[in-house]
>>> print(open('my_file.tsv').read())   # TSV, C-alpha atoms and all ligand atoms
chain	number	residue	atom	x	y	z
A	1	MET	CA	95.07	-8.26	44.60
A	2	ILE	CA	93.47	-5.68	46.87
A	3	TYR	CA	93.29	-2.56	44.74
A	4	LEU	CA	93.83	0.64	46.74
A	5	ASP	CA	95.09	3.03	44.08
A	6	TYR	CA	91.91	4.79	42.95
A	7	GLN	CA	93.68	8.13	42.40
A	8	ALA	CA	96.03	6.55	39.85
A	9	THR	CA	93.19	4.94	37.94
A	10	THR	CA	89.89	3.15	38.48
A	11	PRO	CA	88.57	-0.21	37.25
A	12	VAL	CA	86.41	0.06	34.14
A	13	ALA	CA	82.74	-0.33	35.14
A	14	PRO	CA	80.99	-3.37	33.56
A	15	GLN	CA	78.32	-1.04	32.11
A	16	VAL	CA	81.08	1.01	30.44
A	17	ALA	CA	82.72	-2.04	28.86
A	18	GLN	CA	79.32	-3.19	27.61
A	19	ALA	CA	78.51	0.22	26.07
A	20	MET	CA	81.90	0.33	24.33
A	21	GLU	CA	81.86	-3.18	22.93
A	22	PRO	CA	79.86	-2.64	19.69
A	23	TRP	CA	82.15	0.29	18.84
A	24	ILE	CA	85.24	-1.86	19.23
A	25	GLU	CA	83.99	-4.96	17.43
A	26	GLY	CA	81.72	-4.13	14.51
A	27	LYS	CA	81.07	-0.41	14.18
A	28	PHE	CA	84.23	1.12	12.84
A	29	ALA	CA	83.03	4.06	10.71
A	30	ASN	CA	84.78	7.39	10.96
A	31	PRO	CA	82.38	9.62	12.94
A	32	HIS	CA	83.36	12.56	10.73
A	33	SER	CA	82.49	10.84	7.44
A	34	PRO	CA	79.18	11.63	5.71
A	35	SER	CA	78.01	8.01	5.31
A	36	ARG	CA	75.03	6.63	7.22
A	37	TRP	CA	77.47	4.72	9.46
A	38	GLY	CA	79.51	7.85	10.01
A	39	HIS	CA	76.35	9.67	11.09
A	40	GLU	CA	75.50	6.87	13.48
A	41	ALA	CA	78.92	7.11	15.11
A	42	ALA	CA	78.69	10.92	15.26
A	43	ALA	CA	75.26	10.65	16.91
A	44	ALA	CA	76.65	8.25	19.54
A	45	ILE	CA	79.43	10.73	20.28
A	46	GLU	CA	76.91	13.53	20.73
A	47	VAL	CA	74.92	11.41	23.21
A	48	ALA	CA	78.16	10.81	25.11
A	49	ARG	CA	78.99	14.52	25.06
A	50	LYS	CA	75.62	15.32	26.63
A	51	GLN	CA	76.11	12.61	29.27
A	52	VAL	CA	79.46	14.08	30.29
A	53	GLU	CA	78.12	17.65	30.30
A	54	ARG	CA	75.08	16.63	32.35
A	55	ALA	CA	77.29	14.89	34.91
A	56	MET	CA	79.59	17.93	35.15
A	57	ASP	CA	76.55	20.17	35.68
A	58	LEU	CA	78.38	23.44	34.95
A	59	LYS	CA	76.47	26.36	33.47
A	60	GLY	CA	77.23	28.37	30.32
A	61	GLY	CA	79.66	26.19	28.40
A	62	SER	CA	80.35	22.90	26.66
A	63	ILE	CA	83.10	20.29	26.35
A	64	ALA	CA	85.57	19.28	23.69
A	65	PHE	CA	86.97	15.76	23.92
A	66	THR	CA	90.75	15.42	24.25
A	67	GLY	CA	93.18	12.50	24.50
A	68	SER	CA	93.68	12.96	28.27
A	69	ALA	CA	93.33	15.49	31.05
A	70	THR	CA	97.03	16.23	30.60
A	71	GLU	CA	96.27	17.39	27.06
A	72	ALA	CA	93.21	19.33	28.26
A	73	LEU	CA	95.31	21.19	30.85
A	74	ASN	CA	98.14	21.90	28.40
A	75	TRP	CA	95.57	23.20	25.94
A	76	ALA	CA	93.72	25.32	28.52
A	77	ILE	CA	96.89	26.98	29.77
A	78	LYS	CA	98.93	27.36	26.57
A	79	GLY	CA	95.87	28.13	24.45
A	80	THR	CA	94.79	30.91	26.83
A	81	VAL	CA	98.27	32.43	26.70
A	82	GLU	CA	98.25	32.12	22.92
A	83	LYS	CA	94.87	33.82	22.66
A	84	ALA	CA	95.57	36.63	25.12
A	85	GLY	CA	95.79	40.04	23.58
A	86	ASN	CA	95.23	42.10	26.68
A	87	GLY	CA	98.83	42.71	27.74
A	88	ARG	CA	98.50	40.43	30.78
A	89	ASN	CA	101.55	38.25	31.13
A	90	ARG	CA	101.32	36.61	34.52
A	91	ILE	CA	100.16	33.15	35.60
A	92	ILE	CA	99.40	32.08	39.15
A	93	THR	CA	99.20	28.49	40.27
A	94	VAL	CA	99.77	26.47	43.44
A	95	ALA	CA	102.68	24.30	44.60
A	96	THR	CA	100.48	21.20	45.02
A	97	GLU	CA	99.12	21.12	41.45
A	98	HIS	CA	99.59	18.07	39.22
A	99	ALA	CA	102.64	18.02	36.94
A	100	ALA	CA	100.30	18.55	33.96
A	101	VAL	CA	99.78	22.09	35.28
A	102	LEU	CA	103.10	22.81	36.99
A	103	ASP	CA	105.31	21.61	34.14
A	104	THR	CA	103.19	23.45	31.56
A	105	CYS	CA	103.47	26.67	33.57
A	106	GLU	CA	107.22	26.19	34.07
A	107	TRP	CA	107.61	25.68	30.33
A	108	LEU	CA	105.76	28.93	29.69
A	109	ALA	CA	107.94	30.65	32.30
A	110	GLY	CA	110.92	29.61	30.21
A	111	ASN	CA	109.24	31.33	27.29
A	112	GLY	CA	108.61	34.76	28.73
A	113	ILE	CA	105.63	34.29	31.05
A	114	ASP	CA	105.84	35.64	34.59
A	115	LEU	CA	104.96	32.71	36.89
A	116	THR	CA	103.97	32.78	40.55
A	117	ILE	CA	103.59	29.48	42.41
A	118	LEU	CA	101.72	29.98	45.66
A	119	PRO	CA	102.59	27.92	48.75
A	120	VAL	CA	100.03	25.99	50.81
A	121	GLY	CA	99.77	25.56	54.57
A	122	SER	CA	100.86	22.41	56.38
A	123	ASP	CA	97.31	21.09	55.85
A	124	GLY	CA	97.57	21.53	52.06
A	125	CYS	CA	95.02	24.36	52.04
A	126	LEU	CA	95.49	27.61	50.17
A	127	ASP	CA	95.39	30.95	51.98
A	128	LEU	CA	92.73	32.93	50.07
A	129	ASP	CA	94.00	36.25	51.48
A	130	LEU	CA	97.38	35.50	49.96
A	131	LEU	CA	95.74	34.69	46.63
A	132	ALA	CA	93.70	37.93	46.83
A	133	ARG	CA	96.89	39.92	47.39
A	134	GLU	CA	98.61	38.26	44.43
A	135	VAL	CA	95.86	38.50	41.80
A	136	ASP	CA	96.30	41.88	40.16
A	137	ASP	CA	95.66	43.39	36.73
A	138	ARG	CA	98.81	41.77	35.29
A	139	VAL	CA	97.40	38.27	35.86
A	140	LEU	CA	96.12	36.51	32.77
A	141	LEU	CA	95.14	33.21	34.32
A	142	VAL	CA	95.03	31.33	37.60
A	143	SER	CA	95.10	27.52	37.64
A	144	ILE	CA	93.93	25.72	40.80
A	145	MET	CA	92.70	22.15	41.13
A	146	MET	CA	89.45	21.13	42.84
A	147	VAL	CA	90.66	17.99	44.64
A	148	ASN	CA	94.32	17.09	45.09
A	149	ASN	CA	95.37	13.72	43.71
A	150	GLU	CA	97.97	12.97	46.36
A	151	ILE	CA	96.35	14.15	49.59
A	152	GLY	CA	92.66	14.58	48.68
A	153	VAL	CA	92.50	18.20	49.86
A	154	ARG	CA	89.67	20.26	48.31
A	155	HIS	CA	90.05	23.90	47.31
A	156	PRO	CA	87.01	26.25	47.45
A	157	LEU	CA	86.87	27.02	43.73
A	158	THR	CA	83.58	28.93	43.89
A	159	SER	CA	85.07	31.55	46.27
A	160	ILE	CA	88.36	31.49	44.36
A	161	SER	CA	86.56	32.21	41.09
A	162	GLU	CA	84.92	35.36	42.53
A	163	LEU	CA	88.32	36.63	43.56
A	164	VAL	CA	89.99	35.79	40.25
A	165	HIS	CA	87.19	37.20	38.11
A	166	LYS	CA	87.11	40.44	40.13
A	167	ALA	CA	90.68	41.02	38.97
A	168	GLY	CA	89.68	40.31	35.35
A	169	ALA	CA	91.70	37.08	35.13
A	170	LEU	CA	90.61	33.68	33.85
A	171	LEU	CA	90.32	30.63	36.10
A	172	ILE	CA	91.34	27.13	35.02
A	173	SER	CA	90.64	24.12	37.20
A	174	ASP	CA	91.95	20.57	37.11
A	175	ALA	CA	88.86	18.62	38.19
A	176	VAL	CA	90.28	15.19	37.40
A	177	GLN	CA	89.97	13.92	40.99
A	178	ALA	CA	86.75	15.82	41.68
A	179	PHE	CA	84.60	14.84	38.70
A	180	GLY	CA	82.19	12.03	39.53
A	181	ARG	CA	83.29	12.03	43.17
A	182	VAL	CA	82.10	15.39	44.51
A	183	GLU	CA	79.90	18.13	43.11
A	184	LEU	CA	81.99	20.32	40.79
A	185	CYS	CA	82.32	23.98	41.80
A	186	ASN	CA	80.75	26.47	39.44
A	187	GLY	CA	82.95	29.43	38.58
A	188	PRO	CA	86.05	28.27	36.68
A	189	ASP	CA	86.17	29.16	32.97
A	190	LEU	CA	88.02	26.04	31.83
A	191	VAL	CA	87.74	22.67	33.57
A	192	ALA	CA	89.75	19.54	32.74
A	193	ILE	CA	88.52	16.00	33.41
A	194	SER	CA	89.60	12.44	32.58
A	195	ALA	CA	87.55	9.28	31.90
A	196	HIS	CA	89.84	6.74	33.54
A	197	LYS	CA	89.39	8.28	37.00
A	198	ILE	CA	85.64	7.64	36.87
A	199	HIS	CA	85.60	3.98	35.79
A	200	GLY	CA	85.85	4.89	32.11
A	201	PRO	CA	88.50	4.04	29.52
A	202	LYS	CA	92.04	5.41	29.39
A	203	GLY	CA	93.03	7.68	26.51
A	204	ILE	CA	90.20	10.18	26.69
A	205	GLY	CA	89.64	13.38	28.63
A	206	ALA	CA	87.73	16.58	28.06
A	207	LEU	CA	87.98	20.31	28.51
A	208	TRP	CA	84.84	22.15	29.58
A	209	MET	CA	84.92	25.70	28.24
A	210	ARG	CA	82.80	28.66	29.24
A	211	LYS	CA	81.34	30.24	26.10
A	212	GLY	CA	83.69	32.97	24.90
A	213	LYS	CA	86.65	31.67	26.95
A	214	GLU	CA	87.71	28.88	24.58
A	215	PRO	CA	91.52	28.67	24.35
A	216	ALA	CA	93.26	28.93	20.96
A	217	PRO	CA	93.66	25.45	19.42
A	218	LEU	CA	96.82	23.55	20.20
A	219	ILE	CA	96.24	20.76	17.67
A	220	HIS	CA	95.53	21.77	14.09
A	221	GLY	CA	94.21	19.55	11.33
A	222	GLY	CA	90.79	18.33	10.23
A	223	GLY	CA	88.85	20.92	12.24
A	224	GLN	CA	87.03	18.47	14.54
A	225	GLU	CA	85.48	19.69	17.78
A	226	GLN	CA	84.40	22.93	16.10
A	227	GLY	CA	87.88	23.64	14.91
A	228	LEU	CA	89.20	23.71	18.46
A	229	ARG	CA	90.80	20.27	18.69
A	230	SER	CA	91.52	18.41	15.48
A	231	GLY	CA	91.84	14.65	15.24
A	232	THR	CA	89.39	11.82	14.55
A	233	LEU	CA	87.41	11.06	17.68
A	234	SER	CA	87.15	7.47	18.88
A	235	PRO	CA	83.46	6.54	19.19
A	236	ALA	CA	84.37	3.67	21.55
A	237	LEU	CA	86.26	5.96	23.95
A	238	CYS	CA	83.64	8.73	23.78
A	239	VAL	CA	80.77	6.28	24.37
A	240	GLY	CA	82.71	4.73	27.27
A	241	PHE	CA	83.34	8.15	28.79
A	242	GLY	CA	79.63	9.02	28.42
A	243	ALA	CA	78.52	5.78	30.07
A	244	ALA	CA	80.99	6.27	32.93
A	245	ALA	CA	79.82	9.87	33.44
A	246	LYS	CA	76.15	8.84	33.47
A	247	LEU	CA	76.88	6.17	36.05
A	248	ALA	CA	78.95	8.54	38.17
A	249	ASP	CA	76.15	11.10	38.03
A	250	GLU	CA	73.57	8.54	39.19
A	251	ARG	CA	75.82	7.12	41.91
A	252	CYS	CA	77.67	10.21	43.15
A	253	THR	CA	76.03	10.38	46.61
A	254	LEU	CA	76.04	6.60	47.02
A	255	ASP	CA	79.74	6.37	46.11
A	256	TYR	CA	80.61	9.31	48.39
A	257	ASP	CA	78.83	7.76	51.38
A	258	HIS	CA	80.62	4.48	50.65
A	259	VAL	CA	84.11	6.05	50.65
A	260	GLN	CA	83.29	8.04	53.80
A	261	LYS	CA	82.52	4.75	55.60
A	262	LEU	CA	85.68	3.20	54.15
A	263	TRP	CA	87.77	6.14	55.40
A	264	ASN	CA	86.54	5.58	58.98
A	265	ALA	CA	87.03	1.82	58.71
A	266	ALA	CA	90.59	2.24	57.37
A	267	LEU	CA	91.66	4.57	60.17
A	268	ASP	CA	90.18	2.21	62.76
A	269	ALA	CA	91.92	-0.80	61.24
A	270	LEU	CA	95.32	0.93	60.96
A	271	GLY	CA	95.31	1.69	64.67
A	272	PRO	CA	97.47	4.31	66.43
A	273	GLY	CA	100.73	5.85	65.22
A	274	TRP	CA	99.64	6.99	61.77
A	275	ILE	CA	99.34	10.66	60.85
A	276	VAL	CA	97.02	11.84	58.07
A	277	ASN	CA	98.74	14.10	55.51
A	278	GLY	CA	96.50	17.01	54.50
A	279	SER	CA	93.44	18.64	55.99
A	280	ILE	CA	90.88	16.29	57.54
A	281	GLN	CA	88.12	18.87	57.21
A	282	HIS	CA	88.55	19.97	53.57
A	283	ARG	CA	88.94	16.72	51.77
A	284	TYR	CA	87.60	13.96	49.60
A	285	PRO	CA	87.53	10.89	51.85
A	286	GLY	CA	88.46	8.35	49.16
A	287	ASN	CA	92.07	9.48	49.49
A	288	LEU	CA	93.93	8.51	52.65
A	289	ASN	CA	97.52	9.72	52.60
A	290	ILE	CA	99.24	8.71	55.83
A	291	ARG	CA	102.68	8.54	57.35
A	292	ARG	CA	104.26	6.80	60.28
A	293	GLU	CA	107.49	7.62	62.02
A	294	GLY	CA	110.30	5.23	61.07
A	295	VAL	CA	108.43	3.53	58.23
A	296	ASP	CA	109.77	3.30	54.68
A	297	GLY	CA	106.83	3.53	52.25
A	298	ALA	CA	108.73	1.95	49.35
A	299	ARG	CA	109.62	-1.04	51.55
A	300	LEU	CA	105.96	-1.43	52.54
A	301	ILE	CA	105.01	-1.58	48.87
A	302	ALA	CA	107.72	-4.16	48.24
A	303	ASP	CA	106.69	-6.22	51.31
A	304	LEU	CA	102.98	-6.23	50.45
A	305	ARG	CA	103.05	-7.04	46.78
A	306	ASP	CA	99.45	-8.20	46.52
A	307	ILE	CA	98.10	-4.87	47.76
A	308	ALA	CA	98.13	-2.08	45.16
A	309	PHE	CA	98.79	1.27	46.83
A	310	SER	CA	101.05	4.16	46.19
A	311	LEU	CA	103.69	6.53	47.51
A	312	GLY	CA	101.93	9.85	47.07
A	313	SER	CA	101.25	10.08	43.34
A	314	ALA	CA	101.79	7.43	40.67
A	315	CYS	CA	104.16	9.76	38.80
A	316	ALA	CA	106.17	10.67	41.88
A	317	SER	CA	106.42	7.00	42.82
A	318	GLY	CA	107.91	6.13	39.45
A	319	SER	CA	110.56	8.84	39.67
A	320	GLY	CA	111.87	7.83	43.09
A	321	ARG	CA	111.86	11.52	44.11
A	322	PRO	CA	109.91	12.55	47.21
A	323	SER	CA	106.53	13.96	46.27
A	324	HIS	CA	106.45	17.71	45.53
A	325	VAL	CA	103.03	17.84	47.23
A	326	LEU	CA	104.30	16.43	50.52
A	327	ARG	CA	107.29	18.77	50.35
A	328	ALA	CA	104.87	21.69	49.83
A	329	LEU	CA	103.15	20.67	53.09
A	330	GLY	CA	106.51	21.12	54.80
A	331	LEU	CA	107.29	17.41	55.27
A	332	ASP	CA	110.99	16.66	55.37
A	333	TYR	CA	112.63	13.90	53.32
A	334	ARG	CA	112.11	11.20	55.96
A	335	GLU	CA	108.49	12.13	56.57
A	336	SER	CA	107.80	12.05	52.82
A	337	ARG	CA	109.44	8.66	52.47
A	338	SER	CA	107.37	7.32	55.34
A	339	SER	CA	104.12	8.35	53.61
A	340	ILE	CA	101.80	6.12	51.61
A	341	ARG	CA	98.53	6.77	49.80
A	342	LEU	CA	95.54	4.45	50.03
A	343	GLY	CA	92.87	5.25	47.45
A	344	PHE	CA	89.49	3.54	47.53
A	345	GLY	CA	86.18	3.88	45.75
A	346	ARG	CA	83.05	2.33	44.30
A	347	TYR	CA	84.21	-1.28	44.08
A	348	THR	CA	86.34	-1.41	47.25
A	349	LYS	CA	84.97	-3.93	49.73
A	350	GLN	CA	85.23	-2.86	53.34
A	351	HIS	CA	86.54	-6.26	54.52
A	352	GLU	CA	89.35	-6.11	51.93
A	353	LEU	CA	90.34	-2.61	52.96
A	354	VAL	CA	90.32	-3.60	56.63
A	355	GLU	CA	92.46	-6.67	55.87
A	356	ALA	CA	94.92	-4.49	53.90
A	357	CYS	CA	95.13	-1.98	56.75
A	358	HIS	CA	95.76	-4.70	59.34
A	359	ARG	CA	98.54	-6.09	57.16
A	360	LEU	CA	99.99	-2.61	56.64
A	361	ALA	CA	100.00	-1.96	60.37
A	362	ARG	CA	101.72	-5.33	61.01
A	363	ALA	CA	104.29	-4.70	58.26
A	364	ALA	CA	105.04	-1.27	59.71
A	365	LEU	CA	105.62	-2.80	63.17
A	366	GLU	CA	107.90	-5.45	61.62
A	367	GLN	CA	109.96	-2.70	59.99
A	368	GLU	CA	110.24	-0.87	63.30
A	369	LYS	CA	111.44	-4.05	65.04
A	370	LEU	CA	113.99	-4.84	62.34
A	371	ASP	CA	115.33	-1.30	62.36
A	372	ALA	CA	115.42	-0.99	66.17
A	401	LIG	N1	95.39	15.94	37.12
A	401	LIG	C1	95.24	15.13	38.17
A	401	LIG	C2	94.84	15.72	39.48
A	401	LIG	C3	95.44	13.76	38.04
A	401	LIG	O1	95.30	12.96	39.11
A	401	LIG	C4	95.82	13.24	36.78
A	401	LIG	C5	96.11	11.80	36.62
A	401	LIG	O2	96.95	11.24	37.30
A	401	LIG	C6	95.93	14.13	35.71
A	401	LIG	C7	95.73	15.47	35.91
A	401	LIG	C8	96.28	13.63	34.33
A	401	LIG	O3	95.19	12.92	33.78
A	401	LIG	P1	95.38	11.99	32.48
A	401	LIG	O4	95.85	10.67	32.98
A	401	LIG	O5	94.01	11.91	31.86
A	401	LIG	O6	96.34	12.68	31.60
>>> encode(input="my_file.tsv", output="structure tokens")
Amino acid sequence: MIYLDYQATTPVAPQVAQAMEPWIEGKFANPHSPSRWGHEAAAAIEVARKQVERAMDLKGGSIAFTGSATEALNWAIKGTVEKAGNGRNRIITVATEHAAVLDTCEWLAGNGIDLTILPVGSDGCLDLDLLAREVDDRVLLVSIMMVNNEIGVRHPLTSISELVHKAGALLISDAVQAFGRVELCNGPDLVAISAHKIHGPKGIGALWMRKGKEPAPLIHGGGQEQGLRSGTLSPALCVGFGAAAKLADERCTLDYDHVQKLWNAALDALGPGWIVNGSIQHRYPGNLNIRREGVDGARLIADLRDIAFSLGSACASGSGRPSHVLRALGLDYRESRSSIRLGFGRYTKQHELVEACHRLARAALEQEKLDA
């Protein structure tokens, strides 16, 4: 298999698997129990916490571990609404956000919150003047991602945070596709990340919280994570997340340069006729979302079964509905259906990517011939 679906998930790094192993096999103590073994597990979790925080490199806050970034985003948004006592009742987000944000906001809108979903331009970028006009003293929170999972477009969160904070609102950012891949923007008050997008294990995420901006707890129980997120932590998952974060921190520039080279090689190998979805300038280059007139993306996936790639986002692919992100860019039904996403990263070999792109280009031409 040639794996080109790095936005859906990433292969677990060998160093991560190695760090997790003792916590899966022999060391099973509850990290919240007072025994010597419990203390050992708790200490390992604290090392992991520091590794993740160091890799995030955000000032003035700390993380709580969660079961996923989806949970972290639900918690950030619902917990901020729950905590709010300032009469503000409005949420602003953007049409290209992940479902973990959009569906949570829609759910709140069904429960009395005033929701504004801002459009993006045809390049997937947000108009900051429009945002500035919308953020007023009724806005409680704004939720905007750092890097888009379907088209790789980056939003300028540092400038956005100045604007949002000037209006006295709180800024949440989904940094799932940014963490470990690009430098995180300072400014947001709550930042969600996920281990499995940075070569860590699935089933663990985290919410970084600026001191004083912690959302009200969503999960009640044993009072873990300083009473903010109850539930026994998994030492294996935390240690794996920490190891993945440390590695990502050490390799961030190296990995970025690698995907930049891969981006150029992929476009060369695909040849003419393909259009890149989303801004070329404001992007993370490990995400190549492309379309081609007359091509059916789902048929390409079916024709090339030993290449793992996607139709926009993993979730949208499963549903069979055209991607809400591509629709937000103004693509019509046919253009969305003719789009595919190639995602590459640390372990992608250039010759494999080039081979996959040649085969994609050939398969697209075959489709055109058959349909002519
Ligand atoms: N946000 C973005 C941008 C993502 O790409 C994903 C994963 O697909 C998520 C949130 C959800 O992350 P998790 O799988 O940890 O729930």
>>> residues_near_ligand(input="my_file.tsv", ligand="ligand LIG 401 (chain A)", cutoff="10 Å", atoms="all atoms listed in the file", output="ChimeraX atom specification")
/A:6-9,66-74,96-101,145-150,152,173-178,192-197,201-206,313-315
>>> atom_distance(input="my_file.tsv", atom1="CA of Leu370 (chain A)", atom2="CA of Glu293 (chain A)")
14.1 Å
>>> residues_near_point(input="my_file.tsv", point="(87.1, 18.2, 19.2)", cutoff="10 Å", atoms="only C-alpha atoms", output="PDB file with C-alpha atoms, keeping the file's coordinate frame")
ATOM      1  CA  ILE A  63      83.100  20.290  26.350  1.00  0.00           C
ATOM      2  CA  ALA A  64      85.570  19.280  23.690  1.00  0.00           C
ATOM      3  CA  PHE A  65      86.970  15.760  23.920  1.00  0.00           C
ATOM      4  CA  THR A  66      90.750  15.420  24.250  1.00  0.00           C
ATOM      5  CA  GLY A  67      93.180  12.500  24.500  1.00  0.00           C
ATOM      6  CA  ALA A 206      87.730  16.580  28.060  1.00  0.00           C
ATOM      7  CA  LEU A 207      87.980  20.310  28.510  1.00  0.00           C
ATOM      8  CA  PRO A 217      93.660  25.450  19.420  1.00  0.00           C
ATOM      9  CA  ILE A 219      96.240  20.760  17.670  1.00  0.00           C
ATOM     10  CA  GLY A 222      90.790  18.330  10.230  1.00  0.00           C
ATOM     11  CA  GLY A 223      88.850  20.920  12.240  1.00  0.00           C
ATOM     12  CA  GLN A 224      87.030  18.470  14.540  1.00  0.00           C
ATOM     13  CA  GLU A 225      85.480  19.690  17.780  1.00  0.00           C
ATOM     14  CA  GLN A 226      84.400  22.930  16.100  1.00  0.00           C
ATOM     15  CA  GLY A 227      87.880  23.640  14.910  1.00  0.00           C
ATOM     16  CA  LEU A 228      89.200  23.710  18.460  1.00  0.00           C
ATOM     17  CA  ARG A 229      90.800  20.270  18.690  1.00  0.00           C
ATOM     18  CA  SER A 230      91.520  18.410  15.480  1.00  0.00           C
ATOM     19  CA  GLY A 231      91.840  14.650  15.240  1.00  0.00           C
ATOM     20  CA  THR A 232      89.390  11.820  14.550  1.00  0.00           C
ATOM     21  CA  LEU A 233      87.410  11.060  17.680  1.00  0.00           C
TER      22      LEU A 233
END
>>> atom_distance(input="my_file.tsv", atom1="CA of Arg292 (chain A)", atom2="CA of Arg362 (chain A)")
12.4 Å
>>> atom_distance(input="my_file.tsv", atom1="CA of Leu262 (chain A)", atom2="CA of Leu184 (chain A)")
22.0 Å
>>> residues_around(input="my_file.tsv", residues="Ala361 (chain A)", least_positions_apart="5", cutoff="9 Å", atoms="all atoms listed in the file", output="list in words")
Ala269, Leu270, Gly271, Ala356 and Glu366 of chain A
>>> residues_around(input="my_file.tsv", residues="Ala48 (chain A)", least_positions_apart="4", cutoff="12 Å", atoms="all atoms listed in the file", output="PyMOL selection string")
chain A and resi 16+19-20+41-44+52-55+63-65+195+200+206+233-247
>>> build_atoms(input="my_file.tsv", residues="region 49-64 of chain A", atoms="N, CA, C and O atoms", output="CSV table (one decimal), keeping the file's coordinate frame")
chain,number,residue,atom,x,y,z
A,49,ARG,N,78.6,13.1,24.7
A,49,ARG,CA,79.0,14.5,25.1
A,49,ARG,C,78.0,15.1,26.1
A,49,ARG,O,78.3,15.7,27.1
A,50,LYS,N,76.7,14.8,25.7
A,50,LYS,CA,75.6,15.3,26.6
A,50,LYS,C,75.7,14.6,28.0
A,50,LYS,O,75.5,15.2,29.0
A,51,GLN,N,76.0,13.3,28.0
A,51,GLN,CA,76.1,12.6,29.3
A,51,GLN,C,77.2,13.2,30.1
A,51,GLN,O,77.1,13.4,31.3
A,52,VAL,N,78.3,13.5,29.5
A,52,VAL,CA,79.5,14.1,30.3
A,52,VAL,C,79.1,15.5,30.8
A,52,VAL,O,79.3,15.8,32.0
A,53,GLU,N,78.5,16.3,29.9
A,53,GLU,CA,78.1,17.6,30.3
A,53,GLU,C,77.1,17.6,31.4
A,53,GLU,O,77.2,18.4,32.4
A,54,ARG,N,76.1,16.7,31.3
A,54,ARG,CA,75.1,16.6,32.4
A,54,ARG,C,75.7,16.3,33.7
A,54,ARG,O,75.4,16.8,34.7
A,55,ALA,N,76.6,15.3,33.7
A,55,ALA,CA,77.3,14.9,34.9
A,55,ALA,C,78.1,16.0,35.5
A,55,ALA,O,78.2,16.2,36.7
A,56,MET,N,78.8,16.8,34.6
A,56,MET,CA,79.6,17.9,35.2
A,56,MET,C,78.7,19.0,35.8
A,56,MET,O,79.1,19.6,36.8
A,57,ASP,N,77.5,19.2,35.2
A,57,ASP,CA,76.6,20.2,35.7
A,57,ASP,C,77.1,21.6,35.9
A,57,ASP,O,76.9,22.2,36.9
A,58,LEU,N,77.9,22.1,34.9
A,58,LEU,CA,78.4,23.4,35.0
A,58,LEU,C,77.6,24.3,34.0
A,58,LEU,O,77.1,23.8,32.9
A,59,LYS,N,77.4,25.5,34.3
A,59,LYS,CA,76.5,26.4,33.5
A,59,LYS,C,77.3,27.3,32.5
A,59,LYS,O,78.3,27.8,32.9
A,60,GLY,N,76.7,27.4,31.3
A,60,GLY,CA,77.2,28.4,30.3
A,60,GLY,C,78.4,27.9,29.5
A,60,GLY,O,79.2,28.8,29.0
A,61,GLY,N,78.5,26.6,29.2
A,61,GLY,CA,79.7,26.2,28.4
A,61,GLY,C,79.4,24.8,27.9
A,61,GLY,O,78.4,24.2,28.0
A,62,SER,N,80.4,24.2,27.2
A,62,SER,CA,80.4,22.9,26.7
A,62,SER,C,81.7,22.3,26.7
A,62,SER,O,82.7,23.0,26.9
A,63,ILE,N,81.8,21.0,26.3
A,63,ILE,CA,83.1,20.3,26.4
A,63,ILE,C,83.6,20.0,24.9
A,63,ILE,O,82.9,19.9,24.0
A,64,ALA,N,84.9,19.9,24.9
A,64,ALA,CA,85.6,19.3,23.7
A,64,ALA,C,86.3,18.1,24.2
A,64,ALA,O,86.9,18.1,25.3
